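In what follows, a structure is listed as structure tokens, so that the remarks can point back to it.
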Amino acid sequence: MLKVEGLWKTYTVDGGEIPAVRGVGFTVETGEFFTLLGPSGCGKSTTLRCIAGLEVPNSAEITLDEIDLFSSRQRRSVPIHKRNIGMVFQSYAIWPHMSVYDNVDFPLKVKGIPDRREKVMRALELVGLHRLEDRSATDLSGGQQQRVAIARAIVMDVDLLLFDEPLSNLDSKLRIQMRFELRQLQKQLGITSIYVTHDQEEAMVLSDRVAVMDDGHIVEVGKSQDIYLKPRKLFTAKFVGQSNLLSCEVVSVDGVNATVKTVIGEITTGAPDRSASSEGFLMIRPEHIPMSWTQEELPSSDVNVFEGTIISETFTGKLVDYRVRVGEFTFEVQTPLHHALQKQNRVFIQLPPERCVMLAKDTPGTS
Amino acid sequence: MIDATRPVTKLPTLRIRGIHVVVGAVLIILGYLVVVPLLLLVLSGFKETGFIFDAGFTLRHFIEIYVDARTYELILNTLVFATGSTLVSLCLGVMFAWLTERTDLPFKTATRISLILPMAIPGVLLAVGWVLLASPRIGMINRIFVTLFGGDPLVDIFTMSGMIFVQGLSFTPTAYLIVSPSFRRMDPLLEEAAAIFGANLFRTLRHVVIPLLLPSILAAGAMVFLVSLVVFDVPGTLGMPSRIFVFSSEIFAAASAPLGVPEFGRIGALSTLFMFFTFTLALFYNYMTRRASRFTTVTGKGYRPKLIELGRWKIFALAVIIFYLALSLLLPFVTLLWTSLLPFYQPFSWDALQMLSFEGYRTTLSLTRVHLALSNTFVVVVVTSMVVAIFSTVISWLIVHSHPYARRALDLLSFFPLAIPHLMLGLALIYVYLTLRFLPIYGTVWILVIAFVTTYIAFGTRTTNAAMFQLHQELEEAARVSGASRLRAFKEIIIPLIVPAMLNVTIWVAAHSMRELSAALMLRTSKSVVISTLIWEFWAEDSATTEAAVLGIVMILILLLLTVVGIIVFERTSRVRSSRPRRMVEPDLRNTLSVEHPSP
């Protein structure tokens, strides 16, 4: 189990202090795949590098399996090379002057571990490179280099695996394949892993839990499904996936349901989640909005049905993106292809109450 | 599992880590090498006798310089000489860079290499070669001209224009090497973009190409100008016989005054004045190279530059290049070779042809002085080049890894020697080791090693900085995470990857410490003689022209070999580098210049 508490890190740039991480804390269970997700500059990589020991935090308590890796309270720090972790870098960081075998062998060699050959070959086999051991590392393709980097990270029995945007330099097809393989491998080895990415889809696919970060803070932590379907913070709703956000005001609450007032009229939603504020935003994902040319064709035609006008239509391949104007608000709506065959601008859309999420306004400064 | 009993570093030691001790030590060594001599030199200008341990201060020397009309003549001469040679080499260098990088000139690789080769001829030998060719009294060109047409000699090399001509030829490869990378890397898309928006060729040149290249051209100009201000070889060989003095030769003359003690006070004052200019220029150069790299490193992607078709101008362009090579390489070399094979110097004739023999080589190379010079040179060259290569690597590694303030200090201290004229450094070291006698190295070759390490550390660190910044930081971090200590990661990851750059530095420094004349002349004693100073001594004796030529040919052959090896290493380095991931670098530490800085 990895525990991070009160992690602060500032950088000195041109004589001024710039905070990169401001008081981040989280816990990763043993064997869990945990992802730090956020836009560039949110402090996710810095957090990871502090855990690895590549950066020295201004203050933090970092413990891995009950051992302090870094503790400002006790003024102790385990040096990087004694932390027993594996790390996969964005640039692959494959040493160009060594063969594939030597790259993977290096961690074992510097730690003086016996039976190295067997371990190296097993790691290479796990990533499917056992036939390329003699190749020079620079002769490999990007995807193969990334595999070498992964083999190098897992060749030791490490306590923690760190991934710093490892797939962002690969082309999209390979990226999707590697995601899948990486997830398989992690499950097979059961190593506690922390993954840093700005790609929300990658985070959804890989992780058990996701922490969304912004501006040096963790905005919220949750299972990947919950982060997508039931975000609790406006920032999460905006950053993860597409969303329609209607500013709204609570009119009434009756146990399971609530009624809110918006610019397009009153909408019924699930009861607002513990948030006491009566003002906020109503969020609904574009693919959760059924759309039809007649009101009767909608799955349930009684609640939250609105009439609107299609103002644009974009093919994306699998789906069609519509922009639908309802009163003063324009909805993003995603539907399967067959709808596009209709030639009519007037449509009906429905906002299923269970898909409508009520979000409090983010307090400025703490996002 | 993490072992609970494993020793952990206490946090306080995190603040004062080993790296800080190393940074401190390196700063002290650099300070000792760079600042101490300069301080003593400046201080001596304020002392009555020029000896720094004398009591009291005086402004007498500065006032004397200020009121002396000769000073202004000196400044004027120096400026005319430096401006002239800068213009000559810059015009030629830019033209050659354009021809080899942006046009469809044939035989490009061969041309590129041959344009660097003149670097193998030290300034003093180029000057000597041109004396043998164009001296009014003995010069071959004049003798042939007078024999054929009678009348007065055609050309006189012992003039200001002669000096500018020879120095300009000598610095052209430097200008070429500084400018050509930015010509090569300038993305043709920028030109095309301008063309698409309807700019014609002239407007494209004026508004897009020139502004983009200007920083690197100015950087080359500043560099060559800086070196022309301090260079001694050519003004010493061509100017002094006809009493045309520039700063460097004036200081040389003052330091080797035939009567009594050198005028240390006057020298100190002159040097102080002079170094004020060179330091300003060095800072300007540093600034321009930063801008140059910011502009020209537009993309790292491979592209095929659009080449301008020369058409029938091709032949003309090649002819110009061959003519330049004839003037800067072939003619002086052949003349020296000719001289070395004759018992005494005489122009080309059938009679002379009968006298050609290797007798000169046999006698010269069996002299004890020559043996001593050869072995001294060997020691100096080997030790200096290794020390500079290793020290530069360490400094660059620290520049990458240390605190911004330490980084700035290391960068500036290792860069400043560029602004110290070798002659003055030589003088300053005499002060240091005559007055502070804790290292009894005065009069030995080791004082030369110290002088050369100080001067060439500037080039060394520029090169290793560039290489170090091109290494992705994650390569080292991956080693650290894998369990390697800092030292182990440095040894097993950084060093092997940086070896080509170190080799590059070693070769360059070896070549330059072999040909270096000014500091070596200042520090010369009968024990510490090296090849370059011995050539100077032979040349100064009127009857030893053959010996000078013999040694000159030996030296040029070694330098040619080193230059060719250097080119091969450099070509290989740049190929390996480009296949590696690039690291994002703060622009102020980038440096496009990894090839060559000339030697004053």
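Every chain in the structure tokens takes a letter, A first, then B, and so on in the order presented; its residues are numbered from 1, and the ligands are numbered from 1 following the presented order.
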Can I get the residues of chain A within 8 Å of chain B, each with the closest pair of atoms and their distance in Å to one decimal, using only C-alpha atoms, sorted chain first then ascending number, as a Markdown table?
| residue | atom | partner | partner_atom | distance |
| --- | --- | --- | --- | --- |
| A:Ala52 | CA | B:Val481 | CA | 7.1 |
| A:Leu54 | CA | B:Glu477 | CA | 7.1 |
| A:Asp65 | CA | B:Ile2 | CA | 7.9 |
| A:Ile67 | CA | B:Ala4 | CA | 6.6 |
| A:Ser72 | CA | B:Leu11 | CA | 7.5 |
| A:Arg75 | CA | B:Leu11 | CA | 4.6 |
| A:Arg76 | CA | B:Lys10 | CA | 4.6 |
| A:Ser77 | CA | B:Thr9 | CA | 5.5 |
| A:Val78 | CA | B:Val8 | CA | 5.0 |
| A:Pro79 | CA | B:Thr9 | CA | 6.8 |
| A:Ile80 | CA | B:Val481 | CA | 6.0 |
| A:His81 | CA | B:Gly483 | CA | 3.9 |
| A:Lys82 | CA | B:Gly483 | CA | 6.1 |
| A:Arg83 | CA | B:Ile2 | CA | 7.1 |
| A:Asn84 | CA | B:Ile2 | CA | 6.8 |
| A:Ile85 | CA | B:Val481 | CA | 6.7 |
| A:Gly86 | CA | B:Val481 | CA | 6.6 |
| A:Met87 | CA | B:Val481 | CA | 6.7 |
| A:Val88 | CA | B:Ala478 | CA | 7.9 |
| A:Phe89 | CA | B:Glu474 | CA | 6.9 |
| A:Ser91 | CA | B:Pro581 | CA | 7.0 |
| A:Ala93 | CA | B:Leu475 | CA | 4.6 |
| A:Ile94 | CA | B:Leu475 | CA | 6.7 |
| A:Trp95 | CA | B:Leu475 | CA | 6.4 |
| A:Pro96 | CA | B:Arg580 | CA | 7.7 |
| A:His97 | CA | B:Leu497 | CA | 6.9 |
| A:Phe106 | CA | B:Ser482 | CA | 7.3 |
| A:Pro107 | CA | B:Ser482 | CA | 4.7 |
| A:Val110 | CA | B:Ala484 | CA | 5.9 |
| A:Lys111 | CA | B:Gly483 | CA | 6.5 |
| A:Thr138 | CA | B:Ser579 | CA | 7.9 |
| A:Ala153 | CA | B:Ser482 | CA | 7.5 |
| A:Val158 | CA | B:Met1 | CA | 7.4 |
| A:Asp159 | CA | B:Met1 | CA | 6.0 |
(message) If we count only C-alpha atoms and set the cut-off at 9 Å, which residues sit around Phe252 of chain B, ignoring sequence neighbours fewer than 5 positions away in its own chain? Please answer as a PyMOL selection string.
(response) chain B and resi 232+236+247+257+423+518+521-522
Restricting it to N, CA and C atoms, dump the selection as a compact mmCIF listing (two decimals), in the first residue's frame.
# COMPACT_ATOMS: atom_id res chain seq x y z
N PHE B 232 47.81 36.97 -32.28
CA PHE B 232 49.17 37.47 -32.35
C PHE B 232 49.95 36.94 -33.55
N GLY B 236 52.18 39.47 -35.52
CA GLY B 236 53.55 39.30 -35.05
C GLY B 236 54.49 38.99 -36.19
N PHE B 247 47.43 45.75 -30.67
CA PHE B 247 47.53 45.52 -29.24
C PHE B 247 48.41 44.34 -28.88
N ALA B 257 60.96 43.33 -23.98
CA ALA B 257 61.83 44.48 -24.21
C ALA B 257 63.28 44.06 -24.10
N LEU B 423 48.12 35.78 -25.04
CA LEU B 423 49.33 36.48 -24.68
C LEU B 423 49.25 36.98 -23.24
N SER B 518 51.00 32.18 -28.86
CA SER B 518 51.14 33.39 -28.05
C SER B 518 51.47 33.09 -26.59
N LEU B 521 54.80 31.51 -26.26
CA LEU B 521 55.93 32.43 -26.39
C LEU B 521 56.19 33.17 -25.09
N MET B 522 55.10 33.61 -24.44
CA MET B 522 55.25 34.35 -23.19
C MET B 522 55.90 33.48 -22.13
(request) Between A:Ile150, A:Thr63, A:Ile218, A:Pro114, single out the one closest to Val100 of chain A, counting only C-alpha atoms. (result) A:Ile150
(request) Go ahead and compute the interatomic distance for atom CA of Gln350 of chain A and atom CA of Ile284 of chain A, in Å to one decimal. (result)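 Pair atom CA of Gln350 of chain A / atom CA of Ile284 of chain A returns 10.7 Å.
One distance worth recording is that between atom CA of Val131 of chain B and atom CA of Leu318 of chain B, which is 27.1 Å.
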(message) as a PyMOL selection string, please: every residue in segment 17-252 of chain B that DSSP puts in alpha helix (DSSP H).
(response) chain B and resi 18-44+60-67+69-102+108-116+123-134+140-149+160-185+188-196+201-204+210-230+233-234+247-252
(message) Need to verify the contact set: Glu332 of chain A, 9 Å, only C-alpha atoms, exclusion of same-chain residues closer than 4 positions in sequence. Can you return it as number ranges by chain?
(response) A: 242-244, 285-287, 289, 321-325
(request) For Ile227 of chain A, please output as a VMD selection string all residues within 10 Å (counting only C-alpha atoms; exclusion window: fewer than 6 positions along the same chain). (result) chain A and resid 204 209 to 212 220 to 221 233 236 to 237 240 to 241
(request) Within 7 Å of segment 354-356 of chain A, counting only C-alpha atoms, which residues show up once you throw out same-chain ones fewer than 2 positions away? Write them as a ChimeraX atom specification, please. (result) /A:269-270,282-284,288,351-352,358
Dump of N, CA and C atoms for the selected residues, as an mmCIF file, in the first residue's frame:
data_model
loop_
_atom_site.group_PDB
_atom_site.id
_atom_site.type_symbol
_atom_site.label_atom_id
_atom_site.label_comp_id
_atom_site.auth_asym_id
_atom_site.auth_seq_id
_atom_site.Cartn_x
_atom_site.Cartn_y
_atom_site.Cartn_z
ATOM 1 N N THR A 269 -34.309 15.750 -12.072
ATOM 2 C CA THR A 269 -33.033 15.022 -11.986
ATOM 3 C C THR A 269 -33.082 14.103 -10.785
ATOM 4 N N GLY A 270 -32.034 13.250 -10.682
ATOM 5 C CA GLY A 270 -31.867 12.495 -9.450
ATOM 6 C C GLY A 270 -31.583 13.498 -8.332
ATOM 7 N N LEU A 282 -26.174 21.511 -14.199
ATOM 8 C CA LEU A 282 -26.717 20.213 -14.508
ATOM 9 C C LEU A 282 -25.879 19.647 -15.646
ATOM 10 N N MET A 283 -25.318 18.443 -15.435
ATOM 11 C CA MET A 283 -24.461 17.880 -16.474
ATOM 12 C C MET A 283 -25.108 16.664 -17.110
ATOM 13 N N ILE A 284 -25.010 16.592 -18.426
ATOM 14 C CA ILE A 284 -25.434 15.365 -19.104
ATOM 15 C C ILE A 284 -24.521 15.118 -20.297
ATOM 16 N N HIS A 288 -25.727 10.316 -23.875
ATOM 17 C CA HIS A 288 -26.809 9.868 -23.015
ATOM 18 C C HIS A 288 -28.130 10.553 -23.349
ATOM 19 N N LEU A 351 -33.803 14.206 -21.695
ATOM 20 C CA LEU A 351 -32.717 14.182 -20.728
ATOM 21 C C LEU A 351 -33.117 13.214 -19.621
ATOM 22 N N PRO A 352 -32.662 11.924 -19.719
ATOM 23 C CA PRO A 352 -33.090 10.934 -18.721
ATOM 24 C C PRO A 352 -32.654 11.377 -17.325
ATOM 25 N N MET A 358 -26.250 16.643 -10.953
ATOM 26 C CA MET A 358 -26.250 17.990 -10.404
ATOM 27 C C MET A 358 -24.884 18.274 -9.782
#
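Taking atom CA of Val334 of chain B and atom CA of Glu547 of chain B as endpoints, the distance between them is 15.5 Å.
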Find the residues near segment 274-281 of chain B: any atom within 6 Å, counting only C-alpha atoms, skip ones fewer than 3 places away on the same chain, and give them as a PDB file with all heavy atoms, in the first residue's frame.
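The resulting file, result_32.pdb, is shown below:
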ATOM      1  N   SER B 271      46.463  45.961 -20.876  1.00  0.00           N
ATOM      2  CA  SER B 271      45.652  44.741 -20.901  1.00  0.00           C
ATOM      3  C   SER B 271      44.276  44.984 -20.314  1.00  0.00           C
ATOM      4  O   SER B 271      43.269  44.499 -20.817  1.00  0.00           O
ATOM      5  CB  SER B 271      46.328  43.627 -20.121  1.00  0.00           C
ATOM      6  OG  SER B 271      47.633  43.466 -20.581  1.00  0.00           O
ATOM      7  N   PHE B 284      28.395  39.704 -25.728  1.00  0.00           N
ATOM      8  CA  PHE B 284      27.548  39.901 -26.897  1.00  0.00           C
ATOM      9  C   PHE B 284      27.474  38.611 -27.715  1.00  0.00           C
ATOM     10  O   PHE B 284      26.403  38.183 -28.154  1.00  0.00           O
ATOM     11  CB  PHE B 284      28.120  41.036 -27.751  1.00  0.00           C
ATOM     12  CG  PHE B 284      27.414  41.223 -29.067  1.00  0.00           C
ATOM     13  CD1 PHE B 284      26.139  41.760 -29.103  1.00  0.00           C
ATOM     14  CD2 PHE B 284      28.026  40.857 -30.263  1.00  0.00           C
ATOM     15  CE1 PHE B 284      25.485  41.927 -30.309  1.00  0.00           C
ATOM     16  CE2 PHE B 284      27.371  41.014 -31.471  1.00  0.00           C
ATOM     17  CZ  PHE B 284      26.098  41.554 -31.489  1.00  0.00           C
ATOM     18  N   ALA B 419      37.544  35.292 -23.709  1.00  0.00           N
ATOM     19  CA  ALA B 419      37.804  36.722 -23.837  1.00  0.00           C
ATOM     20  C   ALA B 419      39.193  37.106 -23.363  1.00  0.00           C
ATOM     21  O   ALA B 419      39.579  38.262 -23.424  1.00  0.00           O
ATOM     22  CB  ALA B 419      36.759  37.509 -23.058  1.00  0.00           C
TER      23      ALA B 419
END
